[in-house]
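Trainee: What follows is the file target_30.txt, containing compact mmCIF, C-alpha atoms:
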# COMPACT_ATOMS: atom_id res chain seq x y z
CA MET A 1 138.29 81.48 103.57
CA LYS A 2 137.62 85.16 102.83
CA PRO A 3 134.30 86.24 101.25
CA ILE A 4 133.89 85.40 97.56
CA ASP A 5 132.69 88.93 96.85
CA ASN A 6 135.22 91.62 97.74
CA THR A 7 136.71 94.85 96.43
CA ILE A 8 139.19 93.05 94.18
CA THR A 9 136.61 90.89 92.42
CA ASP A 10 134.32 93.92 92.11
CA LEU A 11 137.17 95.82 90.41
CA LEU A 12 137.90 92.98 87.99
CA PHE A 13 134.26 92.72 86.92
CA LYS A 14 134.25 96.45 86.04
CA HIS A 15 137.09 96.27 83.51
CA VAL A 16 136.60 98.11 80.20
CA SER A 17 139.06 99.22 77.53
CA VAL A 18 139.58 102.99 77.44
CA ARG A 19 140.43 104.74 74.16
CA SER A 20 140.07 108.38 75.14
CA PHE A 21 142.46 109.93 77.63
CA THR A 22 143.37 113.31 79.06
CA ASN A 23 146.88 114.62 78.46
CA GLU A 24 147.72 114.38 82.15
CA VAL A 25 151.11 112.69 82.51
CA LEU A 26 151.54 109.90 85.04
CA PRO A 27 154.17 110.84 87.66
CA ASP A 28 157.32 108.73 87.82
CA GLU A 29 156.38 107.43 91.27
CA VAL A 30 153.13 106.05 89.85
CA VAL A 31 155.05 104.42 86.98
CA LYS A 32 157.49 102.84 89.42
CA LYS A 33 154.59 101.46 91.47
CA LEU A 34 152.91 100.05 88.35
CA VAL A 35 156.10 98.39 87.13
CA THR A 36 157.01 96.89 90.52
CA VAL A 37 153.47 95.54 90.86
CA ALA A 38 153.84 94.01 87.39
CA GLN A 39 157.07 92.37 88.56
CA ALA A 40 155.22 90.70 91.42
CA ALA A 41 153.35 88.47 88.94
CA SER A 42 154.06 84.78 88.61
CA THR A 43 156.85 83.85 86.21
CA ALA A 44 157.82 80.52 84.62
CA SER A 45 160.61 78.88 86.65
CA PHE A 46 161.49 82.35 88.03
CA GLN A 47 162.98 83.23 84.64
CA GLN A 48 161.28 86.67 84.48
CA SER A 49 161.52 86.50 80.70
CA TYR A 50 160.08 89.91 79.86
CA SER A 51 160.97 93.58 79.70
CA ILE A 52 158.79 96.70 79.78
CA ILE A 53 159.67 99.69 77.59
CA ASP A 54 158.17 103.00 78.73
CA VAL A 55 157.98 105.16 75.59
CA VAL A 56 158.37 108.66 77.02
CA ASP A 57 160.05 110.50 74.13
CA GLU A 58 157.24 112.35 72.31
CA ASN A 59 158.67 111.92 68.82
CA LEU A 60 159.34 108.24 69.36
CA ARG A 61 155.88 107.68 70.80
CA GLU A 62 154.34 109.32 67.74
CA LYS A 63 156.35 107.06 65.42
CA VAL A 64 155.34 103.95 67.38
CA THR A 65 151.72 105.11 67.23
CA GLN A 66 151.87 105.59 63.46
CA ALA A 67 153.46 102.16 63.04
CA SER A 68 150.70 100.57 65.13
CA ARG A 69 147.82 101.34 62.75
CA ASN A 70 147.97 104.99 63.83
CA GLN A 71 145.56 104.54 66.73
CA ARG A 72 145.60 108.13 67.97
CA PHE A 73 144.70 107.39 71.59
CA MET A 74 148.07 105.66 71.92
CA ASN A 75 149.58 109.13 71.91
CA GLN A 76 147.06 110.59 74.38
CA GLY A 77 147.33 108.55 77.56
CA GLY A 78 149.66 109.25 80.44
CA ARG A 79 152.08 106.48 79.39
CA LEU A 80 152.65 103.96 76.64
CA PHE A 81 154.30 100.74 77.80
CA ILE A 82 155.53 98.08 75.39
CA PHE A 83 155.64 94.61 76.95
CA CYS A 84 158.28 92.37 75.41
CA ALA A 85 159.05 88.69 75.71
CA ASP A 86 162.75 88.81 76.60
CA LEU A 87 164.96 85.74 76.24
CA ASN A 88 168.05 87.87 75.55
CA ARG A 89 168.75 88.40 79.24
CA ASN A 90 168.57 84.65 79.94
CA ASN A 91 170.91 83.95 77.04
CA GLN A 92 173.47 86.45 78.31
CA MET A 93 173.31 84.98 81.83
CA ALA A 94 173.95 81.51 80.43
CA LYS A 95 177.03 82.79 78.60
CA ASP A 96 178.30 84.35 81.86
CA LEU A 97 177.99 80.89 83.41
CA GLY A 98 179.82 79.27 80.51
CA LEU A 99 176.68 77.46 79.34
CA ASP A 100 174.95 77.21 75.97
CA VAL A 101 171.15 77.39 76.05
CA THR A 102 170.75 78.47 72.42
CA GLN A 103 168.70 75.38 71.51
CA THR A 104 166.21 76.12 74.28
CA ILE A 105 166.14 79.91 73.85
CA GLU A 106 165.44 79.60 70.13
CA GLY A 107 162.66 77.03 70.60
CA LEU A 108 158.92 77.64 70.48
CA ASP A 109 158.37 76.86 74.16
CA ALA A 110 160.77 79.60 75.27
CA THR A 111 158.85 82.10 73.11
CA LEU A 112 155.61 80.93 74.73
CA ALA A 113 157.12 81.20 78.22
CA GLY A 114 158.32 84.75 77.57
CA THR A 115 154.95 85.73 76.12
CA ILE A 116 153.13 84.29 79.13
CA ASP A 117 155.50 85.99 81.57
CA ALA A 118 154.93 89.34 79.83
CA THR A 119 151.17 88.80 79.86
CA LEU A 120 150.99 87.96 83.55
CA ALA A 121 153.05 91.06 84.35
CA ALA A 122 150.85 93.23 82.12
CA GLN A 123 147.66 91.99 83.75
CA ASN A 124 149.08 92.81 87.18
CA MET A 125 149.80 96.32 85.93
CA VAL A 126 146.28 96.67 84.55
CA ILE A 127 144.67 95.67 87.84
CA ALA A 128 146.90 98.06 89.77
CA ALA A 129 146.17 100.90 87.35
CA GLU A 130 142.43 100.38 87.48
CA SER A 131 142.55 100.26 91.28
CA MET A 132 143.99 103.81 91.09
CA GLY A 133 141.09 104.99 88.93
CA LEU A 134 143.17 104.96 85.74
CA GLY A 135 142.02 103.69 82.35
CA VAL A 136 143.87 101.08 80.27
CA CYS A 137 143.92 99.63 76.77
CA PHE A 138 146.02 96.82 75.33
CA ILE A 139 147.50 97.48 71.88
CA GLY A 140 147.96 94.37 69.76
CA GLY A 141 148.57 96.75 66.86
CA VAL A 142 152.28 96.98 67.72
CA ARG A 143 152.56 93.61 65.96
CA ASP A 144 150.93 94.87 62.76
CA ASN A 145 154.16 96.55 61.72
CA ILE A 146 156.42 94.72 64.12
CA GLU A 147 159.63 95.15 62.11
CA GLU A 148 159.35 98.94 62.19
CA VAL A 149 158.30 99.00 65.85
CA SER A 150 161.25 96.76 66.73
CA GLU A 151 163.66 99.03 64.88
CA LEU A 152 162.25 102.10 66.63
CA LEU A 153 162.63 100.45 70.03
CA ASN A 154 166.06 98.92 69.33
CA ILE A 155 164.79 95.37 69.93
CA PRO A 156 167.67 92.84 69.85
CA ASP A 157 167.70 89.13 69.01
CA HIS A 158 165.74 86.86 71.35
CA VAL A 159 163.28 89.68 72.19
CA PHE A 160 159.98 90.72 70.60
CA PRO A 161 157.17 93.19 71.39
CA VAL A 162 154.08 91.27 72.49
CA TYR A 163 151.75 94.28 72.77
CA GLY A 164 151.49 97.81 74.02
CA LEU A 165 149.56 99.05 77.02
CA VAL A 166 148.26 102.61 77.27
CA ILE A 167 147.51 103.84 80.79
CA GLY A 168 146.11 107.23 81.70
CA HIS A 169 143.23 109.26 83.05
CA PRO A 170 139.97 108.54 81.16
CA LYS A 171 138.63 111.56 79.30
CA ASP A 172 135.12 110.52 78.31
CA LYS A 173 132.36 108.43 79.83
CA LEU A 174 133.36 104.78 79.78
CA ASN A 175 131.53 102.27 77.62
CA ASP A 176 129.25 99.78 79.30
CA ILE A 177 130.96 96.56 80.33
CA LYS A 178 130.92 94.07 77.46
CA PRO A 179 129.05 90.87 78.31
CA ARG A 180 131.50 87.97 78.41
CA LEU A 181 130.81 84.44 77.23
CA PRO A 182 128.55 82.56 79.63
CA PHE A 183 130.30 80.57 82.34
CA GLU A 184 129.05 77.33 80.74
CA ALA A 185 130.74 78.21 77.43
CA VAL A 186 134.27 78.41 78.84
CA TYR A 187 134.06 75.99 81.79
CA HIS A 188 134.72 72.35 80.88
CA LYS A 189 134.79 69.56 83.43
CA ASN A 190 137.39 66.81 82.96
CA GLN A 191 137.25 66.89 79.16
CA TYR A 192 136.69 69.40 76.38
CA ALA A 193 133.08 69.56 75.18
CA ASP A 194 131.47 71.11 72.10
CA LYS A 195 129.53 74.14 73.34
CA ILE A 196 128.96 76.07 70.14
CA ASP A 197 125.19 76.25 70.75
CA ILE A 198 125.85 78.32 73.88
CA VAL A 199 128.04 80.64 71.82
CA ARG A 200 125.30 81.11 69.23
CA SER A 201 122.89 82.20 71.97
CA TYR A 202 125.54 84.55 73.33
CA ASN A 203 125.72 86.29 69.95
CA ILE A 204 122.18 87.56 70.48
CA LYS A 205 123.21 89.12 73.78
CA THR A 206 126.27 90.82 72.31
CA ASN A 207 124.20 92.15 69.42
CA GLU A 208 121.95 93.84 71.98
CA TYR A 209 125.05 95.34 73.62
CA TYR A 210 126.28 96.85 70.32
CA ASN A 211 122.81 98.15 69.45
CA LYS A 212 122.76 100.01 72.76
CA ARG A 213 126.35 101.23 72.39
CA TYR A 214 125.79 102.65 68.89
CA GLY A 215 122.27 103.90 69.62
CA LYS A 216 120.91 102.13 66.55
CA LYS A 217 120.23 98.66 65.22
CA THR A 218 123.28 96.87 63.86
CA ASP A 219 124.21 93.34 62.82
CA ARG A 220 127.37 93.39 64.91
CA ASN A 221 127.80 90.65 67.51
CA TRP A 222 130.66 88.74 69.10
CA ALA A 223 131.02 86.20 66.29
CA ARG A 224 131.28 88.89 63.61
CA THR A 225 133.71 90.91 65.72
CA ALA A 226 135.98 87.96 66.55
CA VAL A 227 135.97 86.40 63.09
CA ASN A 228 136.45 89.73 61.30
CA SER A 229 139.55 90.38 63.42
CA LEU A 230 140.95 87.01 62.31
CA ILE A 231 140.32 87.89 58.67
CA LYS A 232 141.64 91.45 58.99
CA LEU A 233 144.71 90.67 61.10
CA PRO A 234 146.21 87.30 60.09
CA ARG A 235 149.76 88.55 60.83
CA SER A 236 151.15 85.67 58.81
CA PHE A 237 154.55 87.38 58.91
CA MET A 238 155.02 86.67 62.62
CA LYS A 239 156.80 83.34 62.15
CA SER A 240 159.31 84.91 59.77
CA TYR A 241 159.81 87.83 62.16
CA LEU A 242 160.35 85.60 65.19
CA ASN A 243 162.76 83.37 63.27
CA SER A 244 164.74 86.44 62.16
CA HIS A 245 165.08 87.34 65.85
CA ASN A 246 166.26 83.79 66.60
CA LEU A 247 162.99 82.79 68.28
CA SER A 248 160.53 79.91 67.63
CA LYS A 249 162.94 78.22 65.24
CA HIS A 250 161.96 74.70 66.30
Show me, as structure tokens, the structure contained in the file I just sent.

Mentor:
Amino acid sequence: MKPIDNTITDLLFKHVSVRSFTNEVLPDEVVKKLVTVAQAASTASFQQSYSIIDVVDENLREKVTQASRNQRFMNQGGRLFIFCADLNRNNQMAKDLGLDVTQTIEGLDATLAGTIDATLAAQNMVIAAESMGLGVCFIGGVRDNIEEVSELLNIPDHVFPVYGLVIGHPKDKLNDIKPRLPFEAVYHKNQYADKIDIVRSYNIKTNEYYNKRYGKKTDRNWARTAVNSLIKLPRSFMKSYLNSHNLSKH
């Protein structure tokens, strides 16, 4: 067995989200490397149920940015990738084979499988990018106005944008690494256990992080941040959207 501590684990522990980039464009050879590394990720039953859209047209990228809560850094980084769960390709292959997989493709589990495939690929890309000294940030905001984003990107039935991923050269000093939940809070042995007391203690630690980050005393902590995002971004329209794209119908 190789040492527990190595360059890969060190890299993973240093992850931070970057929201300020230079205008330096990533060369096509770097993009090809990032995408092929993403493709090396695990995939459910070798279905490879995802696609990656590289938004390189400046006008289109600006429109996607505006539709995604107008987060300006989306239009700064070297590249904006949109990771999509893609069941369309599988459906077309089935038709070529004279088979009908509509019932499966339009079910909830297929949507989950495509989402997971896209996520595993995206995480591979993130690790590769960070190993090159690049900064990254996931953009869940592409789902805030998902109908418009889908129209801009010509998204067909059986496909939906899961999130965006901005990759580029960091412009400013990176934030300190956010303290994650304690090991004991997420690790359960054999059965699920109620560990909310550990979470409450963790809130004190995250409050200290935000006080340091803002340079002043604040009431922000992990609980407020997580719960506020649930209140602010319910995205209750997602079921209707997915159904209209013939996904998650049953």

Trainee: Quick one: residues within 7 Å of segment 158-160 of chain A, all atoms listed in the file counted, chain neighbours fewer than 5 positions away excluded, as a PyMOL selection string?

Mentor: chain A and resi 84-88+245-247

Trainee: Compare A:Cys137, A:Leu11, A:Val31, A:Ala185 by their minimum atom-to-atom distance to Ser201 of chain A, counting only C-alpha atoms, and give me the closest one.

Mentor: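 Between A:Cys137, A:Leu11, A:Val31, A:Ala185, the residue approaching Ser201 of chain A most closely is A:Ala185.
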
Trainee: Take atom CA of Phe81 of chain A and atom CA of Leu165 of chain A and report the distance between them in Å, one decimal.

Mentor: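 The value is 5.1 Å.
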
Trainee: Pick from A:Pro161, A:Asn190, A:Thr218, A:Ile146: nearest to Ser240 of chain A, with only C-alpha atoms counted?

Mentor: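 The shortest atom-to-atom distance to Ser240 of chain A comes from A:Ile146.
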
Trainee: List the neighbours of Thr7 of chain A out to 12 Å using only C-alpha atoms; skip same-chain residues closer than 4 positions along the sequence, and give me the result as an MDAnalysis selection string.

Mentor: chainID A and resid 2:3 11:14 127 130:131

Trainee: Using all atoms listed in the file, can you tell me which of A:Asn221, A:Asn175, A:Gln191, A:Thr119 comes closest to Ser17 of chain A?

Mentor: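 Counting all atoms listed in the file, the residue closest to Ser17 of chain A is A:Asn175.
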
Trainee: Which residue out of A:Asn154, A:Ser236, A:Ser68, A:Thr206 has the minimum interatomic distance to Ile177 of chain A when only C-alpha atoms are used?

Mentor: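 For Ile177 of chain A, the nearest of the candidates is A:Thr206.
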
Trainee: Using only C-alpha atoms, which residue out of A:Val142, A:Leu181, A:Ile4, A:Val30 lies closest to Ile196 of chain A?

Mentor: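 Closest residue, counting only C-alpha atoms: A:Leu181.
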